[in-house]
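Content type PDB, C-alpha atoms and all ligand atoms, from the file my_file-v3.pdb:
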MODEL        1
ATOM      1  CA  MET X  19      84.782 152.693  77.457
ATOM      2  CA  SER X  20      87.194 150.015  76.288
ATOM      3  CA  LEU X  21      87.778 147.227  78.787
ATOM      4  CA  ASN X  22      90.922 145.172  78.933
ATOM      5  CA  LEU X  23      90.868 142.014  81.053
ATOM      6  CA  SER X  24      94.250 140.701  79.941
ATOM      7  CA  VAL X  25      97.029 139.794  82.363
ATOM      8  CA  SER X  26     100.771 139.879  81.640
ATOM      9  CA  TRP X  27     102.964 138.131  84.171
ATOM     10  CA  LEU X  28     106.224 136.185  84.201
ATOM     11  CA  GLY X  29     106.567 136.823  80.480
ATOM     12  CA  MET X  30     103.177 135.228  79.772
ATOM     13  CA  LYS X  31     100.110 136.888  78.380
ATOM     14  CA  MET X  32      96.591 135.778  79.303
ATOM     15  CA  SER X  33      93.614 137.273  77.486
ATOM     16  CA  SER X  34      91.463 136.626  80.580
ATOM     17  CA  PRO X  35      92.455 136.294  84.253
ATOM     18  CA  LEU X  36      90.343 133.130  84.620
ATOM     19  CA  PHE X  37      91.477 129.547  84.271
ATOM     20  CA  ASN X  38      90.701 126.114  85.689
ATOM     21  CA  ALA X  39      91.723 125.038  89.181
ATOM     22  CA  SER X  40      93.959 121.991  89.010
ATOM     23  CA  GLY X  41      91.802 118.887  89.393
ATOM     24  CA  VAL X  42      88.870 120.176  87.347
ATOM     25  CA  TYR X  43      88.614 119.527  83.583
ATOM     26  CA  CYS X  44      92.253 118.580  83.334
ATOM     27  CA  ARG X  45      92.796 114.866  83.882
ATOM     28  CA  THR X  46      92.547 113.771  80.253
ATOM     29  CA  ARG X  47      93.717 115.300  76.997
ATOM     30  CA  GLU X  48      90.067 115.751  76.009
ATOM     31  CA  GLU X  49      89.293 117.778  79.139
ATOM     32  CA  LEU X  50      92.471 119.849  78.802
ATOM     33  CA  GLU X  51      91.535 120.587  75.201
ATOM     34  CA  GLN X  52      88.083 121.757  76.295
ATOM     35  CA  VAL X  53      89.711 124.300  78.616
ATOM     36  CA  ARG X  54      92.241 125.298  75.935
ATOM     37  CA  ARG X  55      89.444 125.942  73.419
ATOM     38  CA  SER X  56      87.294 127.823  75.962
ATOM     39  CA  ALA X  57      87.437 131.466  77.054
ATOM     40  CA  ALA X  58      89.870 130.523  79.849
ATOM     41  CA  GLY X  59      93.085 132.547  79.904
ATOM     42  CA  ALA X  60      95.319 129.544  80.694
ATOM     43  CA  VAL X  61      95.251 125.790  81.280
ATOM     44  CA  VAL X  62      96.550 123.779  84.248
ATOM     45  CA  THR X  63      96.800 119.986  84.338
ATOM     46  CA  LYS X  64      95.630 117.608  87.043
ATOM     47  CA  SER X  65      98.347 117.080  89.651
ATOM     48  CA  CYS X  66     100.533 114.275  88.373
ATOM     49  CA  THR X  67     102.527 111.481  89.952
ATOM     50  CA  LEU X  68     105.267 109.256  88.515
ATOM     51  CA  GLU X  69     102.857 106.427  87.762
ATOM     52  CA  PRO X  70      99.205 106.644  86.727
ATOM     53  CA  ARG X  71      96.776 106.406  89.659
ATOM     54  CA  ALA X  72      93.130 105.346  89.768
ATOM     55  CA  GLY X  73      92.537 107.368  92.950
ATOM     56  CA  ASN X  74      90.232 106.660  95.882
ATOM     57  CA  PRO X  75      87.036 104.537  95.739
ATOM     58  CA  GLU X  76      83.775 106.187  94.625
ATOM     59  CA  PRO X  77      81.687 108.059  95.493
ATOM     60  CA  ARG X  78      84.513 110.557  95.970
ATOM     61  CA  TYR X  79      83.004 113.898  94.872
ATOM     62  CA  ARG X  80      79.677 115.389  95.903
ATOM     63  CA  ARG X  81      78.076 118.687  95.143
ATOM     64  CA  THR X  82      76.299 120.280  98.116
ATOM     65  CA  ALA X  83      74.099 123.343  98.534
ATOM     66  CA  LEU X  84      77.167 125.386  99.499
ATOM     67  CA  GLY X  85      79.845 123.924  97.275
ATOM     68  CA  SER X  86      81.546 120.564  97.054
ATOM     69  CA  ILE X  87      83.423 117.921  98.993
ATOM     70  CA  ASN X  88      85.997 115.676  97.345
ATOM     71  CA  SER X  89      88.416 112.941  98.179
ATOM     72  CA  MET X  90      89.550 112.014  94.680
ATOM     73  CA  GLY X  91      92.907 110.640  95.856
ATOM     74  CA  LEU X  92      95.055 112.055  93.058
ATOM     75  CA  PRO X  93      93.667 110.122  90.088
ATOM     76  CA  ASN X  94      95.877 110.986  87.113
ATOM     77  CA  GLU X  95      97.401 109.518  83.979
ATOM     78  CA  GLY X  96     101.021 109.697  85.175
ATOM     79  CA  TYR X  97     103.410 112.567  84.453
ATOM     80  CA  ARG X  98     104.559 111.301  81.045
ATOM     81  CA  TYR X  99     101.010 111.729  79.725
ATOM     82  CA  TYR X 100     101.004 115.396  80.727
ATOM     83  CA  LEU X 101     104.548 115.979  79.433
ATOM     84  CA  ASP X 102     103.421 114.484  76.100
ATOM     85  CA  TYR X 103     100.456 116.828  76.124
ATOM     86  CA  ALA X 104     102.769 119.771  76.892
ATOM     87  CA  GLN X 105     105.167 118.785  74.097
ATOM     88  CA  ALA X 106     102.352 118.747  71.555
ATOM     89  CA  TYR X 107     100.770 121.916  72.985
ATOM     90  CA  ASP X 108     100.780 124.714  70.453
ATOM     91  CA  ASP X 109      98.770 127.621  71.767
ATOM     92  CA  ALA X 110      99.537 131.130  73.005
ATOM     93  CA  LYS X 111      97.457 130.334  76.108
ATOM     94  CA  PRO X 112      99.869 129.573  79.000
ATOM     95  CA  LEU X 113     100.048 125.970  80.190
ATOM     96  CA  PHE X 114     100.825 124.965  83.790
ATOM     97  CA  LEU X 115     101.835 121.479  84.892
ATOM     98  CA  SER X 116     100.583 120.599  88.365
ATOM     99  CA  VAL X 117     103.047 118.223  90.047
ATOM    100  CA  SER X 118     102.363 116.176  93.163
ATOM    101  CA  GLY X 119     104.901 113.384  93.531
ATOM    102  CA  MET X 120     104.111 110.746  96.151
ATOM    103  CA  THR X 121     107.598 111.536  97.512
ATOM    104  CA  LEU X 122     109.940 114.504  97.153
ATOM    105  CA  ASP X 123     112.191 112.349  94.977
ATOM    106  CA  ASP X 124     109.256 111.684  92.627
ATOM    107  CA  THR X 125     108.549 115.416  92.370
ATOM    108  CA  LEU X 126     112.236 116.073  91.636
ATOM    109  CA  THR X 127     112.264 113.383  88.933
ATOM    110  CA  ILE X 128     109.237 114.942  87.231
ATOM    111  CA  LEU X 129     110.701 118.456  87.426
ATOM    112  CA  THR X 130     114.079 117.281  86.111
ATOM    113  CA  GLU X 131     112.405 115.804  83.026
ATOM    114  CA  LEU X 132     110.330 118.925  82.561
ATOM    115  CA  ALA X 133     113.500 121.057  82.667
ATOM    116  CA  ALA X 134     115.298 118.782  80.201
ATOM    117  CA  LEU X 135     112.457 119.156  77.695
ATOM    118  CA  LYS X 136     112.670 122.970  77.976
ATOM    119  CA  LEU X 137     108.919 123.267  77.503
ATOM    120  CA  PRO X 138     107.271 126.675  77.874
ATOM    121  CA  CYS X 139     105.181 125.296  80.700
ATOM    122  CA  LEU X 140     105.360 126.421  84.338
ATOM    123  CA  PRO X 141     105.072 123.894  87.157
ATOM    124  CA  GLU X 142     102.613 124.443  90.014
ATOM    125  CA  VAL X 143     103.970 122.121  92.709
ATOM    126  CA  ASN X 144     101.125 120.890  94.886
ATOM    127  CA  LEU X 145     102.102 121.177  98.570
ATOM    128  CA  SER X 146      98.554 120.606  99.721
ATOM    129  CA  CYS X 147      96.739 117.463  98.611
ATOM    130  CA  PRO X 148      94.395 116.757 101.552
ATOM    131  CA  ASN X 149      93.133 113.370 100.423
ATOM    132  CA  LEU X 150      95.897 110.786 100.644
ATOM    133  CA  PRO X 151      95.118 108.451 103.538
ATOM    134  CA  GLY X 152      97.980 108.571 106.040
ATOM    135  CA  LYS X 153      99.820 111.428 104.286
ATOM    136  CA  PRO X 154      99.660 114.885 105.889
ATOM    137  CA  GLN X 155      99.665 118.008 103.709
ATOM    138  CA  LEU X 156     103.258 119.161 103.206
ATOM    139  CA  GLY X 157     102.247 122.822 103.362
ATOM    140  CA  TYR X 158     101.277 122.450 107.026
ATOM    141  CA  ASP X 159     104.834 121.383 107.912
ATOM    142  CA  PHE X 160     106.962 124.516 107.528
ATOM    143  CA  ALA X 161     110.339 122.775 107.951
ATOM    144  CA  ALA X 162     109.428 120.035 105.458
ATOM    145  CA  SER X 163     108.137 122.678 103.013
ATOM    146  CA  ALA X 164     111.456 124.556 103.283
ATOM    147  CA  GLU X 165     113.395 121.339 102.656
ATOM    148  CA  ALA X 166     111.260 120.521  99.630
ATOM    149  CA  LEU X 167     111.666 124.034  98.192
ATOM    150  CA  GLU X 168     115.444 123.874  98.724
ATOM    151  CA  ALA X 169     115.653 120.576  96.856
ATOM    152  CA  ILE X 170     113.362 121.840  94.077
ATOM    153  CA  SER X 171     115.341 125.073  93.675
ATOM    154  CA  ARG X 172     118.599 123.071  93.439
ATOM    155  CA  ARG X 173     117.259 120.639  90.834
ATOM    156  CA  TYR X 174     114.962 122.922  88.839
ATOM    157  CA  ALA X 175     116.770 126.181  88.091
ATOM    158  CA  ARG X 176     113.722 127.823  86.521
ATOM    159  CA  PRO X 177     110.685 129.741  87.729
ATOM    160  CA  PHE X 178     108.023 127.656  89.440
ATOM    161  CA  GLY X 179     104.983 128.031  91.679
ATOM    162  CA  VAL X 180     103.326 126.178  94.551
ATOM    163  CA  LYS X 181      99.724 125.387  95.446
ATOM    164  CA  LEU X 182      99.200 126.114  99.131
ATOM    165  CA  PRO X 183      96.674 124.804 101.616
ATOM    166  CA  PRO X 184      94.565 127.380 103.445
ATOM    167  CA  TYR X 185      96.101 128.831 106.616
ATOM    168  CA  PHE X 186      93.978 130.090 109.470
ATOM    169  CA  ASP X 187      96.260 132.056 111.768
ATOM    170  CA  PRO X 188      98.417 135.156 111.235
ATOM    171  CA  ALA X 189     101.362 133.334 112.827
ATOM    172  CA  HIS X 190     101.060 130.649 110.157
ATOM    173  CA  PHE X 191     100.780 133.174 107.307
ATOM    174  CA  ALA X 192     103.976 134.813 108.583
ATOM    175  CA  ALA X 193     105.832 131.529 109.089
ATOM    176  CA  MET X 194     104.964 130.209 105.632
ATOM    177  CA  ALA X 195     105.725 133.564 104.000
ATOM    178  CA  ALA X 196     109.193 133.535 105.608
ATOM    179  CA  VAL X 197     109.785 130.074 104.121
ATOM    180  CA  LEU X 198     108.529 131.091 100.660
ATOM    181  CA  ASN X 199     110.437 134.385 100.537
ATOM    182  CA  ALA X 200     113.749 132.511 100.809
ATOM    183  CA  PHE X 201     113.301 131.084  97.295
ATOM    184  CA  PRO X 202     113.722 133.590  94.451
ATOM    185  CA  LEU X 203     112.806 131.035  91.749
ATOM    186  CA  LEU X 204     109.466 130.542  93.443
ATOM    187  CA  ARG X 205     107.554 133.106  91.404
ATOM    188  CA  PHE X 206     103.926 132.401  92.290
ATOM    189  CA  VAL X 207     101.733 130.806  94.922
ATOM    190  CA  THR X 208      98.198 129.585  94.310
ATOM    191  CA  CYS X 209      95.885 130.164  97.291
ATOM    192  CA  ILE X 210      94.004 128.018  98.206
ATOM    193  CA  ASN X 211      93.641 124.280  97.785
ATOM    194  CA  SER X 212      90.426 122.853  99.203
ATOM    195  CA  VAL X 213      89.785 123.261 102.944
ATOM    196  CA  GLY X 214      90.899 119.827 103.985
ATOM    197  CA  ASN X 215      89.066 117.127 105.876
ATOM    198  CA  GLY X 216      85.575 118.493 106.190
ATOM    199  CA  LEU X 217      82.670 116.132 106.809
ATOM    200  CA  VAL X 218      79.369 116.502 104.983
ATOM    201  CA  ILE X 219      76.508 114.443 106.461
ATOM    202  CA  ASP X 220      73.246 113.540 104.750
ATOM    203  CA  LEU X 221      70.469 113.953 107.296
ATOM    204  CA  ASP X 222      68.022 111.466 105.760
ATOM    205  CA  SER X 223      70.433 108.569 105.396
ATOM    206  CA  GLU X 224      72.488 109.605 108.460
ATOM    207  CA  SER X 225      75.530 108.936 106.325
ATOM    208  CA  ALA X 226      78.678 110.555 105.060
ATOM    209  CA  VAL X 227      78.277 111.498 101.376
ATOM    210  CA  ILE X 228      81.654 110.315 100.054
ATOM    211  CA  LYS X 229      83.325 106.971 100.671
ATOM    212  CA  PRO X 230      87.066 107.557 101.293
ATOM    213  CA  LYS X 231      88.486 108.395 104.744
ATOM    214  CA  GLY X 232      85.211 107.798 106.572
ATOM    215  CA  GLY X 233      83.633 110.682 104.659
ATOM    216  CA  LEU X 234      86.360 113.301 105.187
ATOM    217  CA  GLY X 235      87.193 115.402 102.158
ATOM    218  CA  GLY X 236      88.327 118.774 100.848
ATOM    219  CA  LEU X 237      85.719 121.530 100.719
ATOM    220  CA  GLY X 238      85.306 123.911  97.787
ATOM    221  CA  GLY X 239      82.770 126.478  96.630
ATOM    222  CA  ASP X 240      80.858 128.917  98.848
ATOM    223  CA  TYR X 241      82.211 127.321 102.038
ATOM    224  CA  VAL X 242      85.717 128.518 101.287
ATOM    225  CA  LEU X 243      85.435 131.986  99.712
ATOM    226  CA  PRO X 244      86.308 134.071 102.813
ATOM    227  CA  THR X 245      89.183 131.738 103.694
ATOM    228  CA  ALA X 246      90.483 131.936 100.118
ATOM    229  CA  LEU X 247      90.250 135.737 100.073
ATOM    230  CA  ALA X 248      92.094 136.008 103.392
ATOM    231  CA  ASN X 249      94.897 133.777 102.113
ATOM    232  CA  VAL X 250      95.180 135.713  98.846
ATOM    233  CA  ARG X 251      95.239 139.006 100.707
ATOM    234  CA  GLU X 252      97.762 137.994 103.372
ATOM    235  CA  PHE X 253     100.175 136.365 100.925
ATOM    236  CA  ALA X 254      99.843 139.241  98.449
ATOM    237  CA  VAL X 255     101.044 141.549 101.239
ATOM    238  CA  LEU X 256     103.676 139.206 102.682
ATOM    239  CA  LEU X 257     105.138 138.007  99.343
ATOM    240  CA  ALA X 258     105.703 141.435  97.835
ATOM    241  CA  ASP X 259     107.675 140.328  94.767
ATOM    242  CA  LYS X 260     105.769 137.127  93.978
ATOM    243  CA  HIS X 261     102.430 136.585  92.280
ATOM    244  CA  VAL X 262      99.397 135.174  94.059
ATOM    245  CA  ILE X 263      96.863 133.210  92.020
ATOM    246  CA  GLY X 264      93.448 133.181  93.668
ATOM    247  CA  CYS X 265      91.413 129.991  93.923
ATOM    248  CA  GLY X 266      88.349 129.290  96.017
ATOM    249  CA  GLY X 267      84.655 130.075  95.823
ATOM    250  CA  VAL X 268      84.600 131.781  92.419
ATOM    251  CA  LYS X 269      81.220 131.279  90.774
ATOM    252  CA  SER X 270      80.521 134.687  89.220
ATOM    253  CA  GLY X 271      82.206 137.931  88.294
ATOM    254  CA  ALA X 272      81.719 139.175  91.859
ATOM    255  CA  GLU X 273      84.039 136.603  93.477
ATOM    256  CA  ALA X 274      86.582 136.974  90.658
ATOM    257  CA  PHE X 275      86.581 140.740  91.299
ATOM    258  CA  MET X 276      87.054 140.151  95.051
ATOM    259  CA  HIS X 277      90.041 137.854  94.488
ATOM    260  CA  ILE X 278      91.725 140.463  92.278
ATOM    261  CA  LEU X 279      90.866 143.241  94.739
ATOM    262  CA  ALA X 280      92.532 141.117  97.436
ATOM    263  CA  GLY X 281      95.659 140.994  95.264
ATOM    264  CA  ALA X 282      95.314 138.043  92.891
ATOM    265  CA  THR X 283      97.154 138.253  89.572
ATOM    266  CA  ALA X 284      94.810 135.658  88.054
ATOM    267  CA  VAL X 285      91.925 133.549  89.313
ATOM    268  CA  GLN X 286      91.161 129.835  89.093
ATOM    269  CA  VAL X 287      87.691 128.288  89.009
ATOM    270  CA  GLY X 288      87.116 124.855  90.588
ATOM    271  CA  THR X 289      83.733 123.716  91.937
ATOM    272  CA  CYS X 290      81.750 126.034  89.649
ATOM    273  CA  LEU X 291      83.652 124.778  86.590
ATOM    274  CA  HIS X 292      82.993 121.191  87.646
ATOM    275  CA  GLU X 293      79.257 121.881  87.874
ATOM    276  CA  GLU X 294      78.789 124.208  84.913
ATOM    277  CA  GLY X 295      81.420 123.186  82.386
ATOM    278  CA  VAL X 296      83.743 125.416  80.392
ATOM    279  CA  SER X 297      81.002 127.883  79.430
ATOM    280  CA  ALA X 298      81.518 129.209  82.989
ATOM    281  CA  PHE X 299      84.606 131.067  81.729
ATOM    282  CA  ASP X 300      82.611 133.180  79.239
ATOM    283  CA  ARG X 301      79.908 133.915  81.751
ATOM    284  CA  ILE X 302      82.222 134.869  84.646
ATOM    285  CA  GLU X 303      84.410 136.992  82.379
ATOM    286  CA  ALA X 304      81.345 138.874  81.083
ATOM    287  CA  GLU X 305      80.129 139.419  84.651
ATOM    288  CA  LEU X 306      83.556 140.660  85.738
ATOM    289  CA  ALA X 307      83.611 143.043  82.782
ATOM    290  CA  ALA X 308      80.155 144.368  83.710
ATOM    291  CA  ILE X 309      81.260 145.015  87.308
ATOM    292  CA  MET X 310      84.377 146.822  86.107
ATOM    293  CA  GLN X 311      82.352 148.899  83.696
ATOM    294  CA  ALA X 312      79.852 149.864  86.396
ATOM    295  CA  LYS X 313      82.723 150.913  88.670
ATOM    296  CA  GLY X 314      84.616 152.759  85.947
ATOM    297  CA  TYR X 315      87.634 150.439  85.888
ATOM    298  CA  GLN X 316      89.228 149.761  82.499
ATOM    299  CA  ARG X 317      92.001 147.351  83.430
ATOM    300  CA  LEU X 318      92.564 144.816  86.203
ATOM    301  CA  GLU X 319      95.504 146.902  87.470
ATOM    302  CA  ASP X 320      93.040 149.697  88.271
ATOM    303  CA  PHE X 321      91.804 147.731  91.301
ATOM    304  CA  ARG X 322      94.176 144.798  91.852
ATOM    305  CA  GLY X 323      95.267 144.688  95.506
ATOM    306  CA  ARG X 324      93.395 147.882  96.326
ATOM    307  CA  LEU X 325      91.258 146.368  99.058
ATOM    308  CA  LYS X 326      90.085 148.981 101.549
ATOM    309  CA  THR X 327      90.148 148.176 105.240
ATOM    310  CA  LEU X 328      88.201 149.960 107.917
TER     311      LEU X 328
HETATM  312  O1  LIG X 401      92.984 114.432  93.951
HETATM  313  C1  LIG X 401      92.553 114.925  95.010
HETATM  314  O2  LIG X 401      91.946 114.269  95.861
HETATM  315  C2  LIG X 401      92.780 116.333  95.347
HETATM  316  C3  LIG X 401      94.023 116.951  95.254
HETATM  317 BR1  LIG X 401      95.538 116.112  94.547
HETATM  318  C4  LIG X 401      94.167 118.286  95.693
HETATM  319  O3  LIG X 401      95.250 118.897  95.678
HETATM  320  N1  LIG X 401      93.063 118.905  96.205
HETATM  321  C5  LIG X 401      91.866 118.297  96.275
HETATM  322  O4  LIG X 401      90.903 118.909  96.748
HETATM  323  N2  LIG X 401      91.741 117.009  95.839
ENDMDL
END

Could I get this file's structure written as structure tokens?
Amino acid sequence: MSLNLSVSWLGMKMSSPLFNASGVYCRTREELEQVRRSAAGAVVTKSCTLEPRAGNPEPRYRRTALGSINSMGLPNEGYRYYLDYAQAYDDAKPLFLSVSGMTLDDTLTILTELAALKLPCLPEVNLSCPNLPGKPQLGYDFAASAEALEAISRRYARPFGVKLPPYFDPAHFAAMAAVLNAFPLLRFVTCINSVGNGLVIDLDSESAVIKPKGGLGGLGGDYVLPTALANVREFAVLLADKHVIGCGGVKSGAEAFMHILAGATAVQVGTCLHEEGVSAFDRIEAELAAIMQAKGYQRLEDFRGRLKTL
């Protein structure tokens, strides 16, 4: 039986549905090139700001038995570095530019330059960084999100996507979906960013395990899989003519399959990629293929969104 794991969406073709979650293997050119040369189906950059940022003090990432906690604080090389990378990029593998201006004006400046360069590179606007001291996540403020999307749609007359924080209540899924559905140029949403402001405590030392924000940080990995799946599922239903990219808790073919079953067009890998390196893409793709084969599915469309409920 011939298996086909390719994905065609928004005029792009990916040979695999898997790629990196923004923030992992994507801060430097060298890391981006590792993802580009791997089995990943696409590449996304680290969220960028106008100016380069060193980020929060270390330690700011810790692996745990159930995943990870991070409070990186948006370390990045500044948007011009990533635009330079995009200008030199010469690969059929789609490239996404994650954008996270410190202000809406900064985000608009970055998007305006991206539009002027006419690069074949889609922006994923980050509405959900949980780790900037004193700065709430935009995605939890529905009115501010609508204002930002209005300004972006006015200034950037091209398709774009957003990275959303996790939501935890049907009323919030519905409210955010109503905001998002008002913007036809918004073509995809990535669900989810890390579950913000968790606290991991080390029993022996009686201490937080990361330094910034008194130990608070975004959770990834096993902790977040059910939350990620719920967000993918709900937005796939509520945003009928947009794409949902799944992100959260993918460490094998099984979780990748679940994300696609919940409705994901493609699937990002974060914590697992950080721990395992880019060989994770080969492994997870092979595991996904084996699951499909065992179930008699030949293409991702055979099961995408076909979650059964009881
Ligand atoms: O850099 C970070 O601290 C960070 C960002 Br911008 C984000 O969107 N999500 C995350 O878990 N960490």

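Taking all atoms listed in the file, the non-local environment of Met194 (chain X) within 12 Å (same-chain residues fewer than 5 positions away omitted) comprises Leu145, Leu156, Gly157, Tyr158, Asp159, Phe160, Ala161, Ala162, Ser163, Ala164, Leu167, Val180, Leu182, Pro183, Pro184, Tyr185, Phe186, Asp187, Pro188, Ala189, Asn199, Ala200, Phe201, Val207, Asn249, Glu252, Phe253, Leu256 and Leu257 of chain X.
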
For the residues in the current selection, export C-alpha atoms as an mmCIF file, keeping the file's coordinate frame.
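The resulting file, result_3.cif, is shown below:
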data_model
loop_
_atom_site.group_PDB
_atom_site.id
_atom_site.type_symbol
_atom_site.label_atom_id
_atom_site.label_comp_id
_atom_site.auth_asym_id
_atom_site.auth_seq_id
_atom_site.Cartn_x
_atom_site.Cartn_y
_atom_site.Cartn_z
ATOM 1 C CA LEU X 145 102.102 121.177 98.570
ATOM 2 C CA LEU X 156 103.258 119.161 103.206
ATOM 3 C CA GLY X 157 102.247 122.822 103.362
ATOM 4 C CA TYR X 158 101.277 122.450 107.026
ATOM 5 C CA ASP X 159 104.834 121.383 107.912
ATOM 6 C CA PHE X 160 106.962 124.516 107.528
ATOM 7 C CA ALA X 161 110.339 122.775 107.951
ATOM 8 C CA ALA X 162 109.428 120.035 105.458
ATOM 9 C CA SER X 163 108.137 122.678 103.013
ATOM 10 C CA ALA X 164 111.456 124.556 103.283
ATOM 11 C CA LEU X 167 111.666 124.034 98.192
ATOM 12 C CA VAL X 180 103.326 126.178 94.551
ATOM 13 C CA LEU X 182 99.200 126.114 99.131
ATOM 14 C CA PRO X 183 96.674 124.804 101.616
ATOM 15 C CA PRO X 184 94.565 127.380 103.445
ATOM 16 C CA TYR X 185 96.101 128.831 106.616
ATOM 17 C CA PHE X 186 93.978 130.090 109.470
ATOM 18 C CA ASP X 187 96.260 132.056 111.768
ATOM 19 C CA PRO X 188 98.417 135.156 111.235
ATOM 20 C CA ALA X 189 101.362 133.334 112.827
ATOM 21 C CA ASN X 199 110.437 134.385 100.537
ATOM 22 C CA ALA X 200 113.749 132.511 100.809
ATOM 23 C CA PHE X 201 113.301 131.084 97.295
ATOM 24 C CA VAL X 207 101.733 130.806 94.922
ATOM 25 C CA ASN X 249 94.897 133.777 102.113
ATOM 26 C CA GLU X 252 97.762 137.994 103.372
ATOM 27 C CA PHE X 253 100.175 136.365 100.925
ATOM 28 C CA LEU X 256 103.676 139.206 102.682
ATOM 29 C CA LEU X 257 105.138 138.007 99.343
#

Q: Let me have all residues with an atom within 7 Å of ligand LIG 401 (chain X), counting only C-alpha atoms and all ligand atoms, laid out as a list in words.
A: Gly41, Ser65, Asn88, Ser89, Met90, Gly91, Leu92, Pro93, Ser118, Asn144, Ser146, Cys147, Pro148, Asn149, Asn211, Ser212 and Gly236 of chain X

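With the shown file loaded, the PyMOL selection byres (((chain X and resi 264) around 7) and not hetatm) picks out X:Thr208, X:Cys209, X:Ile210, X:Val250, X:Val262, X:Ile263, X:Cys265, X:Gly266, X:His277, X:Ala282, X:Ala284, X:Val285, X:Gln286.
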
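Our summary of the geometry notes that CA of Ala298 (chain X) is positioned 12.4 Å from CA of Gly59 (chain X).
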
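Of the residues listed (X:His261, X:Arg80, X:His190, X:Lys326), X:Arg80 shows the shortest atom-to-atom separation from Gly238 (chain X); distances use all atoms listed in the file.
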
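Distance annotation: of X:Gly323, X:Gly85, X:Gly216, X:Gly314, the residue with the minimal separation from Gly288 (chain X) is X:Gly85; atom set is only C-alpha atoms.
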
As a check of understanding, name the residues that the PyMOL selection byres (((chain X and resi 222-235) around 7) and not hetatm) selects in the supplied structure, as a compact mmCIF listing (two decimals) with C-alpha atoms, keeping the file's coordinate frame.
# COMPACT_ATOMS: atom_id res chain seq x y z
CA ASN X 74 90.23 106.66 95.88
CA PRO X 75 87.04 104.54 95.74
CA GLU X 76 83.78 106.19 94.62
CA PRO X 77 81.69 108.06 95.49
CA ARG X 78 84.51 110.56 95.97
CA TYR X 79 83.00 113.90 94.87
CA ARG X 80 79.68 115.39 95.90
CA ILE X 87 83.42 117.92 98.99
CA ASN X 88 86.00 115.68 97.34
CA SER X 89 88.42 112.94 98.18
CA ASN X 149 93.13 113.37 100.42
CA PRO X 151 95.12 108.45 103.54
CA GLY X 214 90.90 119.83 103.98
CA ASN X 215 89.07 117.13 105.88
CA GLY X 216 85.58 118.49 106.19
CA LEU X 217 82.67 116.13 106.81
CA VAL X 218 79.37 116.50 104.98
CA ILE X 219 76.51 114.44 106.46
CA ASP X 220 73.25 113.54 104.75
CA LEU X 221 70.47 113.95 107.30
CA GLY X 236 88.33 118.77 100.85
CA LEU X 237 85.72 121.53 100.72

Q.
Could you list, as a ChimeraX atom specification, every residue matched by the PyMOL selection byres (((chain X and resi 35-39) around 9) and not hetatm) in this structure?
A. /X:23-25,32-34,40-44,53,57-64,211,265-266,274,283-289,291,296,299,302-303,318

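Distance check against Glu131 (chain X) using all atoms listed in the file: of X:Arg71, X:Pro154, X:Tyr174, X:Pro112, the minimum falls on X:Tyr174.
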
**Q.** Residue contacts of region 28-30 of chain X (12 Å, only C-alpha atoms) excluding same-chain residues fewer than 5 positions away, as a PyMOL selection string
**A.** chain X and resi 35+59-60+109-114+138-140+176-179+203-206+259-261+283-284

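Between CA of Val117 (chain X) and CA of Glu273 (chain X) there is a distance of 26.7 Å.
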
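For the atom pair formed by CA of Ala195 (chain X) and CA of Val255 (chain X), the distance is 9.7 Å, given to one decimal.
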
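Nearest to Asp102 (chain X) of all the residues X:Ala248, X:Leu115, X:Leu306, X:Ala83 is X:Leu115, based on all atoms listed in the file.
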
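For the set X:Gln105, X:Tyr100, X:Phe191, X:Leu84, the residue with the smallest atom-to-atom gap to Glu48 (chain X) is X:Tyr100, counting all atoms listed in the file.
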